[in-house]
$ cat input36.cif   # mmCIF, C-alpha atoms
data_coords
#
loop_
_atom_site.label_atom_id
_atom_site.label_comp_id
_atom_site.auth_asym_id
_atom_site.auth_seq_id
_atom_site.Cartn_x
_atom_site.Cartn_y
_atom_site.Cartn_z
CA MET U 1 -188.37 71.51 109.50
CA ALA U 2 -192.11 72.09 109.25
CA THR U 3 -193.53 73.09 105.87
CA ARG U 4 -194.25 76.80 105.61
CA PRO U 5 -198.02 77.40 105.88
CA LYS U 6 -199.63 78.82 102.79
CA THR U 7 -203.23 79.72 103.66
CA LYS U 8 -204.36 82.06 106.45
CA ALA U 9 -205.99 79.15 108.29
CA GLU U 10 -202.75 77.17 108.13
CA THR U 11 -200.77 80.23 109.23
CA LEU U 12 -203.11 80.83 112.15
CA ALA U 13 -202.90 77.21 113.28
CA TRP U 14 -199.11 77.33 112.98
CA LEU U 15 -198.89 80.52 115.08
CA ARG U 16 -200.94 78.91 117.82
CA THR U 17 -198.64 75.91 117.95
CA ILE U 18 -195.52 78.08 118.31
CA ALA U 19 -197.02 80.66 120.75
CA GLY U 20 -195.37 79.00 123.76
CA GLU U 21 -192.05 78.81 121.94
CA LEU U 22 -192.27 82.52 121.05
CA SER U 23 -193.01 83.47 124.68
CA THR U 24 -190.04 81.46 125.97
CA ALA U 25 -187.70 82.95 123.35
CA THR U 26 -188.95 86.45 124.14
CA LEU U 27 -188.27 86.11 127.87
CA LYS U 28 -184.79 84.77 127.14
CA ARG U 29 -184.07 87.70 124.81
CA LEU U 30 -185.33 90.19 127.38
CA GLU U 31 -182.94 88.82 129.98
CA ASP U 32 -180.03 88.83 127.54
CA THR U 33 -180.52 92.30 126.05
CA LEU U 34 -182.27 94.51 128.66
CA PRO U 35 -180.22 95.07 131.86
CA TRP U 36 -183.16 96.68 133.67
CA TYR U 37 -185.21 93.52 133.18
CA GLY U 38 -182.63 91.35 134.93
CA ASP U 39 -182.38 93.82 137.82
CA MET U 40 -186.08 93.61 138.58
CA PRO U 41 -187.48 91.61 141.51
CA PRO U 42 -188.86 88.20 140.47
CA SER U 43 -192.48 89.31 140.86
CA ARG U 44 -192.03 92.23 138.47
CA ARG U 45 -190.09 90.15 135.96
CA SER U 46 -193.01 87.75 136.00
CA ALA U 47 -195.41 90.63 135.39
CA VAL U 48 -193.33 91.84 132.43
CA GLY U 49 -193.33 88.29 131.09
CA LEU U 50 -197.13 88.21 131.31
CA VAL U 51 -197.30 91.40 129.25
CA ALA U 52 -195.03 89.87 126.58
CA GLN U 53 -197.08 86.68 126.49
CA ALA U 54 -200.31 88.67 126.35
CA GLY U 55 -198.88 90.63 123.41
CA ILE U 56 -198.16 87.44 121.45
CA SER U 57 -201.59 85.95 122.22
CA SER U 58 -203.25 89.24 121.34
CA PHE U 59 -201.42 89.35 118.02
CA ILE U 60 -202.68 85.89 117.09
CA SER U 61 -206.26 86.89 117.92
CA TRP U 62 -205.85 90.16 116.02
CA PHE U 63 -204.38 88.33 113.00
CA ASP U 64 -207.42 86.06 113.02
CA ASP U 65 -209.83 88.99 112.58
CA PRO U 66 -208.44 92.56 112.85
CA ARG U 67 -211.84 94.19 112.24
CA SER U 68 -213.70 92.44 115.05
CA THR U 69 -211.21 93.48 117.74
CA PRO U 70 -209.85 96.88 116.71
CA TRP U 71 -208.73 97.80 120.25
CA ILE U 72 -207.32 94.44 121.29
CA ALA U 73 -203.80 95.95 121.47
CA ALA U 74 -204.83 98.03 124.44
CA ASP U 75 -205.88 94.87 126.29
CA VAL U 76 -202.27 93.69 126.39
CA PHE U 77 -201.54 96.03 129.29
CA GLY U 78 -204.51 94.77 131.25
CA ALA U 79 -202.30 91.88 132.36
CA ALA U 80 -199.89 94.32 134.01
CA PRO U 81 -200.44 95.10 137.70
CA ARG U 82 -200.89 98.80 138.50
CA GLU U 83 -197.55 99.05 140.30
CA LEU U 84 -195.78 97.82 137.16
CA LEU U 85 -196.93 100.87 135.21
CA ARG U 86 -195.37 103.05 137.92
CA SER U 87 -192.05 101.18 137.96
CA VAL U 88 -191.56 100.63 134.19
CA SER U 89 -191.07 103.75 132.09
CA LEU U 90 -192.53 104.34 128.64
CA GLN U 91 -189.05 103.97 127.14
CA GLN U 92 -188.63 100.57 128.80
CA THR U 93 -192.08 99.51 127.58
CA LEU U 94 -191.16 100.40 124.00
CA GLN U 95 -187.94 98.38 124.39
CA LEU U 96 -190.06 95.46 125.55
CA ILE U 97 -192.28 95.79 122.47
CA ARG U 98 -189.27 95.99 120.15
CA VAL U 99 -187.69 92.84 121.57
CA THR U 100 -190.98 90.93 121.34
CA VAL U 101 -191.51 91.99 117.73
CA GLU U 102 -187.93 91.09 116.81
CA VAL U 103 -188.34 87.58 118.23
CA VAL U 104 -191.62 87.07 116.37
CA GLU U 105 -190.20 88.45 113.11
CA GLU U 106 -187.15 86.16 113.29
CA ARG U 107 -189.34 83.12 113.90
CA VAL U 108 -191.81 83.83 111.08
CA LYS U 109 -189.38 85.36 108.57
CA ASP U 110 -190.16 82.54 106.17
CA GLY U 111 -193.89 83.08 106.57
CA SER U 112 -196.26 84.65 104.09
CA GLU U 113 -196.08 88.31 103.06
CA PRO U 114 -199.46 89.12 104.70
CA LEU U 115 -198.12 87.74 107.98
CA ARG U 116 -195.04 89.97 107.90
CA GLU U 117 -197.18 92.99 107.08
CA ALA U 118 -199.54 92.08 109.92
CA ILE U 119 -196.60 92.01 112.35
CA LEU U 120 -195.51 95.50 111.28
CA LEU U 121 -199.03 96.88 111.55
CA TYR U 122 -199.65 95.26 114.92
CA SER U 123 -196.33 96.49 116.35
CA ARG U 124 -197.37 100.02 115.38
CA GLU U 125 -200.77 99.58 117.04
CA ILE U 126 -199.26 98.16 120.23
CA ALA U 127 -196.76 101.05 120.43
CA PHE U 128 -199.57 103.57 120.11
CA ALA U 129 -201.52 101.64 122.74
CA ALA U 130 -198.56 101.81 125.12
CA ALA U 131 -198.26 105.55 124.59
CA ASP U 132 -201.99 105.90 125.24
CA VAL U 133 -201.77 103.94 128.49
CA TYR U 134 -198.93 106.09 129.80
CA ALA U 135 -200.57 109.31 128.60
CA ARG U 136 -203.79 108.47 130.46
CA ALA U 137 -201.78 107.56 133.56
CA ALA U 138 -199.90 110.87 133.35
CA GLU U 139 -203.15 112.78 132.89
CA ALA U 140 -204.72 111.07 135.89
CA ARG U 141 -201.60 111.78 137.95
CA GLY U 142 -201.68 115.41 136.85
CA LEU U 143 -205.31 115.80 137.93
CA TRP U 144 -204.57 114.10 141.24
CA ASP U 145 -201.52 116.31 141.82
CA ALA U 146 -203.59 119.42 141.07
CA ARG U 147 -206.25 118.39 143.60
CA LEU U 148 -203.62 117.47 146.17
CA GLU U 149 -201.80 120.77 145.68
CA ALA U 150 -205.05 122.70 146.07
CA LEU U 151 -205.73 120.78 149.30
CA VAL U 152 -202.26 121.57 150.67
CA VAL U 153 -202.54 125.28 149.80
CA ASP U 154 -206.01 125.43 151.40
CA SER U 155 -204.58 123.85 154.56
CA ILE U 156 -201.79 126.43 154.63
CA LEU U 157 -204.19 129.34 154.15
CA SER U 158 -206.60 128.12 156.81
CA GLY U 159 -203.90 126.97 159.24
CA GLU U 160 -205.83 123.72 159.78
CA TYR U 161 -203.12 121.06 159.67
CA ASP U 162 -203.29 117.33 160.27
CA ASP U 163 -200.70 114.57 160.54
CA GLU U 164 -200.98 113.83 156.81
CA LEU U 165 -199.77 117.25 155.64
CA PRO U 166 -196.04 116.34 155.51
CA SER U 167 -196.78 113.21 153.46
CA ARG U 168 -199.00 115.21 151.08
CA ILE U 169 -196.25 117.76 150.61
CA ALA U 170 -193.75 114.98 149.92
CA ALA U 171 -196.13 113.40 147.39
CA LEU U 172 -196.14 116.66 145.45
CA GLY U 173 -192.37 116.45 145.03
CA TRP U 174 -191.68 119.63 147.02
CA HIS U 175 -187.99 120.52 146.67
CA GLY U 176 -188.02 123.54 148.94
CA HIS U 177 -185.96 123.66 152.10
CA GLY U 178 -185.60 126.12 154.94
CA GLU U 179 -187.51 129.39 154.93
CA VAL U 180 -190.86 129.84 153.21
CA ALA U 181 -192.93 132.92 152.31
CA VAL U 182 -196.41 133.30 150.82
CA LEU U 183 -197.19 135.66 147.93
CA VAL U 184 -200.81 136.74 147.30
CA GLY U 185 -202.19 138.65 144.33
CA THR U 186 -204.88 138.55 141.68
CA ALA U 187 -205.08 135.72 139.17
CA PRO U 188 -204.65 136.69 135.50
CA LYS U 189 -207.32 135.81 132.95
CA GLN U 190 -204.90 133.51 131.13
CA PHE U 191 -202.84 131.69 133.74
CA ASP U 192 -200.03 129.33 132.70
CA ILE U 193 -199.13 127.30 135.78
CA ASP U 194 -196.21 125.56 134.05
CA HIS U 195 -194.72 128.92 133.08
CA VAL U 196 -194.74 129.97 136.74
CA ARG U 197 -193.03 126.75 137.81
CA ARG U 198 -190.34 127.18 135.16
CA ALA U 199 -189.73 130.76 136.25
CA ALA U 200 -189.40 129.62 139.86
CA ARG U 201 -186.95 126.86 138.93
CA HIS U 202 -184.75 129.38 137.10
CA MET U 203 -184.49 131.25 140.41
CA HIS U 204 -183.71 128.02 142.31
CA ALA U 205 -187.06 128.17 144.07
CA ASP U 206 -190.04 125.84 144.38
CA VAL U 207 -193.67 126.89 144.52
CA LEU U 208 -197.03 125.53 145.55
CA ILE U 209 -199.78 127.22 143.55
CA GLY U 210 -203.38 127.82 144.52
CA VAL U 211 -206.04 129.66 142.53
CA GLN U 212 -209.08 130.67 144.56
CA GLY U 213 -211.55 132.58 142.46
CA ASN U 214 -209.73 135.71 141.30
CA ARG U 215 -206.97 135.30 143.90
CA LEU U 216 -203.63 133.65 143.14
CA VAL U 217 -201.53 132.30 146.02
CA LEU U 218 -197.92 131.13 145.74
CA VAL U 219 -196.13 129.36 148.57
CA ILE U 220 -192.44 129.96 147.83
CA GLY U 221 -189.46 128.01 149.13
CA ARG U 222 -185.82 127.90 148.11
CA ALA U 223 -184.58 124.77 146.36
CA ASP U 224 -181.04 123.43 146.01
CA PRO U 225 -180.10 123.56 142.30
CA LEU U 226 -178.31 120.43 141.11
CA SER U 227 -176.49 122.51 138.51
CA ARG U 228 -174.63 124.44 141.16
CA GLU U 229 -172.40 121.45 141.79
CA ASN U 230 -170.93 121.80 138.29
CA ASP U 231 -171.12 125.55 137.88
CA ASP U 232 -168.76 127.56 140.06
CA ALA U 233 -170.15 130.88 138.91
CA ILE U 234 -173.71 129.95 139.85
CA GLY U 235 -172.57 128.12 142.95
CA THR U 236 -171.02 131.27 144.40
CA ALA U 237 -173.99 133.52 143.55
CA PRO U 238 -175.98 134.57 146.62
CA ALA U 239 -179.47 133.18 146.97
CA LEU U 240 -182.24 135.57 146.00
CA THR U 241 -184.33 137.11 148.75
CA PHE U 242 -188.03 136.34 148.78
CA MET U 243 -188.76 139.91 147.70
CA GLU U 244 -186.42 139.50 144.70
CA ILE U 245 -188.18 136.25 143.80
CA ALA U 246 -191.56 137.98 144.15
CA GLU U 247 -190.44 140.82 141.89
CA GLN U 248 -189.51 138.37 139.15
CA LEU U 249 -192.78 136.46 139.54
CA GLU U 250 -194.82 139.69 139.47
CA PRO U 251 -195.57 139.57 135.69
CA HIS U 252 -197.41 136.25 136.18
CA PHE U 253 -200.07 137.91 138.35
CA GLY U 254 -203.08 139.91 137.22
CA PRO U 255 -203.50 143.64 137.82
CA GLY U 256 -203.87 144.90 141.36
CA HIS U 257 -201.91 144.65 144.56
CA LEU U 258 -199.34 141.96 145.29
CA VAL U 259 -198.43 141.22 148.91
CA LEU U 260 -195.58 139.11 150.27
CA GLY U 261 -195.86 137.60 153.74
CA HIS U 262 -192.92 137.42 156.12
CA GLU U 263 -190.45 134.54 156.11
CA VAL U 264 -191.17 131.53 158.31
CA PRO U 265 -188.75 128.71 159.19
CA ASN U 266 -190.44 125.90 157.21
CA LEU U 267 -193.44 124.91 155.15
CA VAL U 268 -195.44 123.67 158.13
CA ASP U 269 -195.37 127.23 159.55
CA ALA U 270 -196.37 128.79 156.23
CA SER U 271 -199.86 129.60 157.54
CA LYS U 272 -198.37 132.48 159.57
CA SER U 273 -196.93 134.04 156.41
CA ALA U 274 -200.17 133.32 154.56
CA LYS U 275 -202.30 135.06 157.20
CA ALA U 276 -200.09 138.15 157.03
CA ALA U 277 -200.15 138.19 153.22
CA LEU U 278 -203.93 137.73 153.06
CA ALA U 279 -204.51 140.45 155.65
CA GLY U 280 -202.20 142.80 153.77
CA PHE U 281 -203.87 142.00 150.46
CA ALA U 282 -207.25 142.90 151.96
CA VAL U 283 -206.11 146.41 152.98
CA ALA U 284 -203.44 147.20 150.38
CA ARG U 285 -205.77 149.58 148.56
CA SER U 286 -205.60 151.87 151.61
CA TRP U 287 -201.98 152.74 150.76
CA ARG U 288 -202.27 154.92 147.68
CA HIS U 289 -198.72 154.43 146.47
CA ALA U 290 -198.07 150.90 147.68
CA PRO U 291 -195.30 149.24 145.67
CA ARG U 292 -195.91 146.01 143.76
CA PRO U 293 -195.01 143.70 145.36
CA VAL U 294 -195.19 145.03 148.92
CA HIS U 295 -194.19 143.41 152.20
CA ALA U 296 -197.13 142.55 154.44
CA ASP U 297 -195.22 144.11 157.34
CA ASP U 298 -195.18 147.44 155.48
CA LEU U 299 -198.97 147.37 155.80
CA LEU U 300 -199.01 146.85 159.56
CA PRO U 301 -200.90 150.09 160.36
CA GLU U 302 -203.68 149.35 157.86
CA ARG U 303 -203.91 145.75 158.99
CA ALA U 304 -204.11 146.78 162.65
CA LEU U 305 -206.85 149.31 161.89
CA ALA U 306 -208.75 146.53 160.10
CA GLY U 307 -208.60 144.43 163.26
CA ASP U 308 -205.82 142.02 162.31
CA PRO U 309 -204.60 140.57 165.65
CA LEU U 310 -201.35 139.37 164.07
CA ALA U 311 -200.52 142.93 162.96
CA ARG U 312 -201.29 144.33 166.41
CA ALA U 313 -199.10 141.71 168.06
CA THR U 314 -196.29 142.38 165.57
CA LEU U 315 -196.36 146.12 166.24
CA VAL U 316 -196.25 145.57 169.99
CA HIS U 317 -193.66 142.80 170.17
CA ARG U 318 -191.32 143.94 167.41
CA ILE U 319 -191.38 147.69 168.02
CA TYR U 320 -192.98 148.86 171.25
CA ARG U 321 -191.73 146.22 173.68
CA PRO U 322 -188.10 146.22 172.46
CA LEU U 323 -187.90 150.01 172.78
CA GLN U 324 -189.59 149.92 176.16
CA ALA U 325 -187.19 147.25 177.40
CA HIS U 326 -184.12 148.95 175.94
CA SER U 327 -184.62 152.54 177.08
CA THR U 328 -187.54 154.70 178.13
CA GLU U 329 -185.46 157.61 176.89
CA LEU U 330 -185.58 156.30 173.33
CA LEU U 331 -189.29 155.61 173.64
CA THR U 332 -189.98 159.13 174.91
CA THR U 333 -187.84 160.68 172.19
CA LEU U 334 -189.68 158.74 169.49
CA TRP U 335 -193.07 159.77 170.93
CA SER U 336 -192.03 163.42 170.97
CA TYR U 337 -190.49 163.31 167.49
CA LEU U 338 -193.63 161.85 165.93
CA ASP U 339 -195.99 164.12 167.90
CA ASN U 340 -194.03 167.17 166.71
CA GLY U 341 -194.41 166.32 163.05
CA ARG U 342 -190.91 164.79 162.76
CA SER U 343 -189.24 168.12 163.54
CA LEU U 344 -185.82 167.80 165.16
CA GLU U 345 -185.91 171.38 166.53
CA ALA U 346 -189.39 171.08 168.07
CA THR U 347 -188.46 167.74 169.63
CA ALA U 348 -185.24 169.16 171.03
CA ARG U 349 -187.13 172.07 172.60
CA GLU U 350 -189.67 169.78 174.23
CA LEU U 351 -186.99 167.50 175.66
CA PHE U 352 -184.51 170.31 176.49
CA VAL U 353 -181.72 168.70 174.49
CA HIS U 354 -179.65 169.60 171.42
CA PRO U 355 -181.09 168.61 167.98
CA ASN U 356 -177.99 166.43 167.45
CA THR U 357 -178.97 164.48 170.56
CA VAL U 358 -182.39 163.86 169.06
CA ARG U 359 -180.75 162.76 165.82
CA TYR U 360 -178.47 160.37 167.71
CA ARG U 361 -181.36 158.87 169.67
CA LEU U 362 -183.39 158.32 166.50
CA LYS U 363 -180.46 156.47 165.02
CA ARG U 364 -180.37 154.30 168.14
CA VAL U 365 -184.10 153.63 167.69
CA SER U 366 -183.39 152.42 164.16
CA ASP U 367 -180.55 150.20 165.42
CA VAL U 368 -182.78 148.60 168.04
CA ILE U 369 -185.94 147.89 165.98
CA GLY U 370 -184.86 148.22 162.33
CA TRP U 371 -187.33 150.97 161.36
CA ASP U 372 -186.24 154.52 160.53
CA ALA U 373 -188.50 157.18 162.05
CA THR U 374 -187.29 159.84 159.58
CA GLY U 375 -189.12 158.14 156.70
CA ALA U 376 -192.77 159.02 156.18
CA ARG U 377 -194.05 155.46 155.77
CA GLU U 378 -191.97 154.00 158.57
CA ALA U 379 -192.97 156.88 160.83
CA LEU U 380 -196.60 155.82 160.33
CA ILE U 381 -195.73 152.26 161.31
CA LEU U 382 -193.90 153.45 164.41
CA GLN U 383 -196.76 155.80 165.36
CA ALA U 384 -199.21 152.90 165.14
CA ALA U 385 -196.89 150.74 167.26
CA LEU U 386 -196.71 153.40 169.98
CA ILE U 387 -200.47 153.85 170.06
CA ILE U 388 -201.27 150.14 170.16
CA GLY U 389 -198.43 149.48 172.60
CA SER U 390 -199.66 152.10 175.05
CA MET U 391 -203.18 150.69 174.75
CA SER U 392 -201.74 147.25 175.52
CA ASP U 393 -200.02 148.66 178.63
CA HIS U 394 -203.31 150.10 179.79
CA GLU U 395 -205.13 146.80 179.24
CA GLN U 396 -202.49 144.90 181.19
CA SER U 397 -202.23 147.35 184.13
CA PRO U 398 -204.21 146.30 187.25
CA ARG U 399 -207.44 148.19 187.57
CA ARG U 400 -208.32 149.96 190.81
CA ARG U 401 -211.35 148.74 192.65
CA PRO U 402 -214.08 151.35 193.09
CA PRO U 403 -214.45 152.56 196.71
CA THR U 404 -217.04 150.69 198.70
#

$ encode --input "input36.cif" --output "structure tokens"
Amino acid sequence: MATRPKTKAETLAWLRTIAGELSTATLKRLEDTLPWYGDMPPSRRSAVGLVAQAGISSFISWFDDPRSTPWIAADVFGAAPRELLRSVSLQQTLQLIRVTVEVVEERVKDGSEPLREAILLYSREIAFAAADVYARAAEARGLWDARLEALVVDSILSGEYDDELPSRIAALGWHGHGEVAVLVGTAPKQFDIDHVRRAARHMHADVLIGVQGNRLVLVIGRADPLSRENDDAIGTAPALTFMEIAEQLEPHFGPGHLVLGHEVPNLVDASKSAKAALAGFAVARSWRHAPRPVHADDLLPERALAGDPLARATLVHRIYRPLQAHSTELLTTLWSYLDNGRSLEATARELFVHPNTVRYRLKRVSDVIGWDATGAREALILQAALIIGSMSDHEQSPRRRPPT
């Protein structure tokens, strides 16, 4: 057995002679003690081995002169390819460091006291360096995710899609499925984006978040909770509606109006909900007692007056056309009821029917289109639908040629 070195120069020379032996022993220990190392593809195992060897070489250089190379520990991870940092977790990296240090300590246990202290100090430095590498990678990923999310939300708001949108959405880790709705309001002065995400997860929802000046936009989708598989009580609970989700997210918005767009089948169609929500947000101040949040479809009259083509089309195709196709009698009764200030008696006199007949027909109107003409707000929506629908009929009717 070789004589234990006594001076630093002798110790340094001895370390350099056993560096290869330490690397081989470290790789053998990694394979014996870390299952994840053995399961790696050969190329990645080789990359991990390079990191271990770089750590041993770096320690020898650091032991030679710690003051001249104070950041040499960080250089250990320069030998690792970029994909290795994505496939090996911080916990696995710390396990790698621990195994390497254990092998070195066992081999030099009979060395000098300064050498053992140097190993302890270096192992601390290398652990901090590993944490720094992963922290910087996480920070860079966070900044990239924020930019990517802003790009996706901008695409949804503008409706300008390309073939890369689905892959961008997948890269963000979107867990939503099925229907989507867009919620638009004002951004608070102090906005905690992580708090909003946590609140959404508690409601089994996923969100994409966009802040544009003083406007805050949330794209909301329902997510399947993993916990429901093991929780019968939660598993049987009905999913929240988008309005219920919006009501619980309301405290995260700043003061002012909050508008929820209609549901759409999937995230790719979210621009339709976004356009409705943005149009409603622009005119919400025109409804003095608008609730918070409010459905964009409850602002159809104001949106139509502001020139929103989507609102005009919605009024025509969801109210006027269905009534017109179902029964001209219902359409005439609704016209008369609204023109007579929602008076059953005045409507009955105009139509020469009993007030109960008017009441029955109004109920049929509600069954056909889902809006109740006896409510003040819904009556305004229906009145706007009749006006715009009749204008649409006039625009579509063939015009007579002037006499020649």

$ residues_around --input "input36.cif" --residues "Leu323 in chain U" --least-positions-apart "4" --cutoff "10 Å" --atoms "only C-alpha atoms" --output "number ranges by chain"
U: 316-319, 327-332, 334, 364-365, 368-369, 386

$ resolve_selection --input "input36.cif" --expression "the PyMOL selection byres ((chain U and resi 293) around 9)" --output "list of chain:residue names"
U:Leu183, U:Gly185, U:Met243, U:Ala246, U:Glu247, U:Glu250, U:His257, U:Leu258, U:Val259, U:Leu260, U:Ala290, U:Pro291, U:Arg292, U:Val294, U:His295

$ residues_near_point --input "input36.cif" --point "(-185.3, 170.5, 164.2)" --cutoff "10 Å" --atoms "all atoms listed in the file" --output "PyMOL selection string"
chain U and resi 337+340+342-349+354-356+358-359

$ closest_residue --input "input36.cif" --among "U:Val180, U:Ala19, U:Ala306, U:Leu30" --to "Arg107 in chain U" --atoms "all atoms listed in the file"
U:Ala19

$ closest_residue --input "input36.cif" --among "U:Leu94, U:Leu27, U:Ala274, U:Val104" --to "Arg116 in chain U" --atoms "only C-alpha atoms"
U:Val104

$ atom_distance --input "input36.cif" --atom1 "CA of Ser23 in chain U" --atom2 "CA of Val101 in chain U"
11.1 Å

$ closest_residue --input "input36.cif" --among "U:Glu263, U:Leu216, U:Lys363, U:Leu310" --to "Ala150 in chain U" --atoms "all atoms listed in the file"
U:Leu216

$ closest_residue --input "input36.cif" --among "U:Asp154, U:Glu244, U:Glu149, U:Asp298" --to "Arg168 in chain U" --atoms "all atoms listed in the file"
U:Glu149

$ closest_residue --input "input36.cif" --among "U:Val48, U:Ala385, U:Met40, U:Ala9" --to "Thr26 in chain U" --atoms "only C-alpha atoms"
U:Val48

$ resolve_selection --input "input36.cif" --expression "the PyMOL selection byres ((chain U and resi 96) around 12)" --output "ChimeraX atom specification"
/U:26-27,29-31,33-37,45,48-53,55,88-95,97-103,123,126-127,130

$ atom_distance --input "input36.cif" --atom1 "CA of Tyr360 in chain U" --atom2 "CA of Arg312 in chain U"
27.9 Å

$ resolve_selection --input "input36.cif" --expression "the PyMOL selection byres ((chain U and resi 255) around 8)" --output "PyMOL selection string"
chain U and resi 186+188+253-254+256-257

$ atom_distance --input "input36.cif" --atom1 "CA of Glu125 in chain U" --atom2 "CA of Ala13 in chain U"
22.8 Å

$ residues_near_point --input "input36.cif" --point "(-211.0, 137.8, 146.5)" --cutoff "10 Å" --atoms "all atoms listed in the file" --output "PyMOL selection string"
chain U and resi 185-187+212-216+278+281-282

$ decode --input "input36.cif" --residues "range 14-34 of chain U" --atoms "N, CA and C atoms" --output "short mmCIF file (atom, residue, chain, number, x, y, z; two decimals), in the first residue's frame"
data_model
loop_
_atom_site.label_atom_id
_atom_site.label_comp_id
_atom_site.auth_asym_id
_atom_site.auth_seq_id
_atom_site.Cartn_x
_atom_site.Cartn_y
_atom_site.Cartn_z
N TRP U 14 -0.68 12.74 -5.54
CA TRP U 14 -1.36 11.47 -5.28
C TRP U 14 -2.79 11.49 -5.83
N LEU U 15 -3.50 12.59 -5.64
CA LEU U 15 -4.88 12.70 -6.15
C LEU U 15 -4.90 12.57 -7.67
N ARG U 16 -3.92 13.15 -8.32
CA ARG U 16 -3.90 13.09 -9.79
C ARG U 16 -3.63 11.67 -10.28
N THR U 17 -2.88 10.92 -9.52
CA THR U 17 -2.60 9.53 -9.94
C THR U 17 -3.81 8.63 -9.74
N ILE U 18 -4.68 8.96 -8.77
CA ILE U 18 -5.84 8.09 -8.51
C ILE U 18 -7.13 8.66 -9.11
N ALA U 19 -7.05 9.74 -9.91
CA ALA U 19 -8.26 10.35 -10.48
C ALA U 19 -9.03 9.36 -11.34
N GLY U 20 -8.31 8.60 -12.18
CA GLY U 20 -8.99 7.62 -13.02
C GLY U 20 -9.65 6.54 -12.21
N GLU U 21 -8.95 6.09 -11.15
CA GLU U 21 -9.51 5.07 -10.27
C GLU U 21 -10.77 5.58 -9.59
N LEU U 22 -10.77 6.84 -9.15
CA LEU U 22 -11.95 7.41 -8.50
C LEU U 22 -13.13 7.50 -9.47
N SER U 23 -12.87 7.87 -10.71
CA SER U 23 -13.94 7.97 -11.71
C SER U 23 -14.57 6.62 -11.97
N THR U 24 -13.70 5.58 -12.12
CA THR U 24 -14.22 4.23 -12.36
C THR U 24 -15.05 3.74 -11.19
N ALA U 25 -14.57 3.96 -9.97
CA ALA U 25 -15.29 3.53 -8.77
C ALA U 25 -16.61 4.28 -8.64
N THR U 26 -16.61 5.55 -9.01
CA THR U 26 -17.84 6.34 -8.92
C THR U 26 -18.90 5.81 -9.87
N LEU U 27 -18.52 5.52 -11.11
CA LEU U 27 -19.48 5.00 -12.08
C LEU U 27 -20.04 3.65 -11.65
N LYS U 28 -19.18 2.83 -11.06
CA LYS U 28 -19.64 1.52 -10.56
C LYS U 28 -20.63 1.71 -9.41
N ARG U 29 -20.35 2.64 -8.53
CA ARG U 29 -21.25 2.90 -7.40
C ARG U 29 -22.58 3.48 -7.88
N LEU U 30 -22.52 4.33 -8.87
CA LEU U 30 -23.77 4.89 -9.41
C LEU U 30 -24.67 3.79 -9.95
N GLU U 31 -24.07 2.85 -10.68
CA GLU U 31 -24.87 1.77 -11.26
C GLU U 31 -25.41 0.84 -10.20
N ASP U 32 -24.68 0.68 -9.10
CA ASP U 32 -25.10 -0.24 -8.04
C ASP U 32 -26.16 0.37 -7.12
N THR U 33 -26.13 1.68 -6.94
CA THR U 33 -26.97 2.29 -5.90
C THR U 33 -28.11 3.16 -6.43
N LEU U 34 -28.05 3.62 -7.67
CA LEU U 34 -29.08 4.52 -8.21
C LEU U 34 -29.81 3.83 -9.35
#
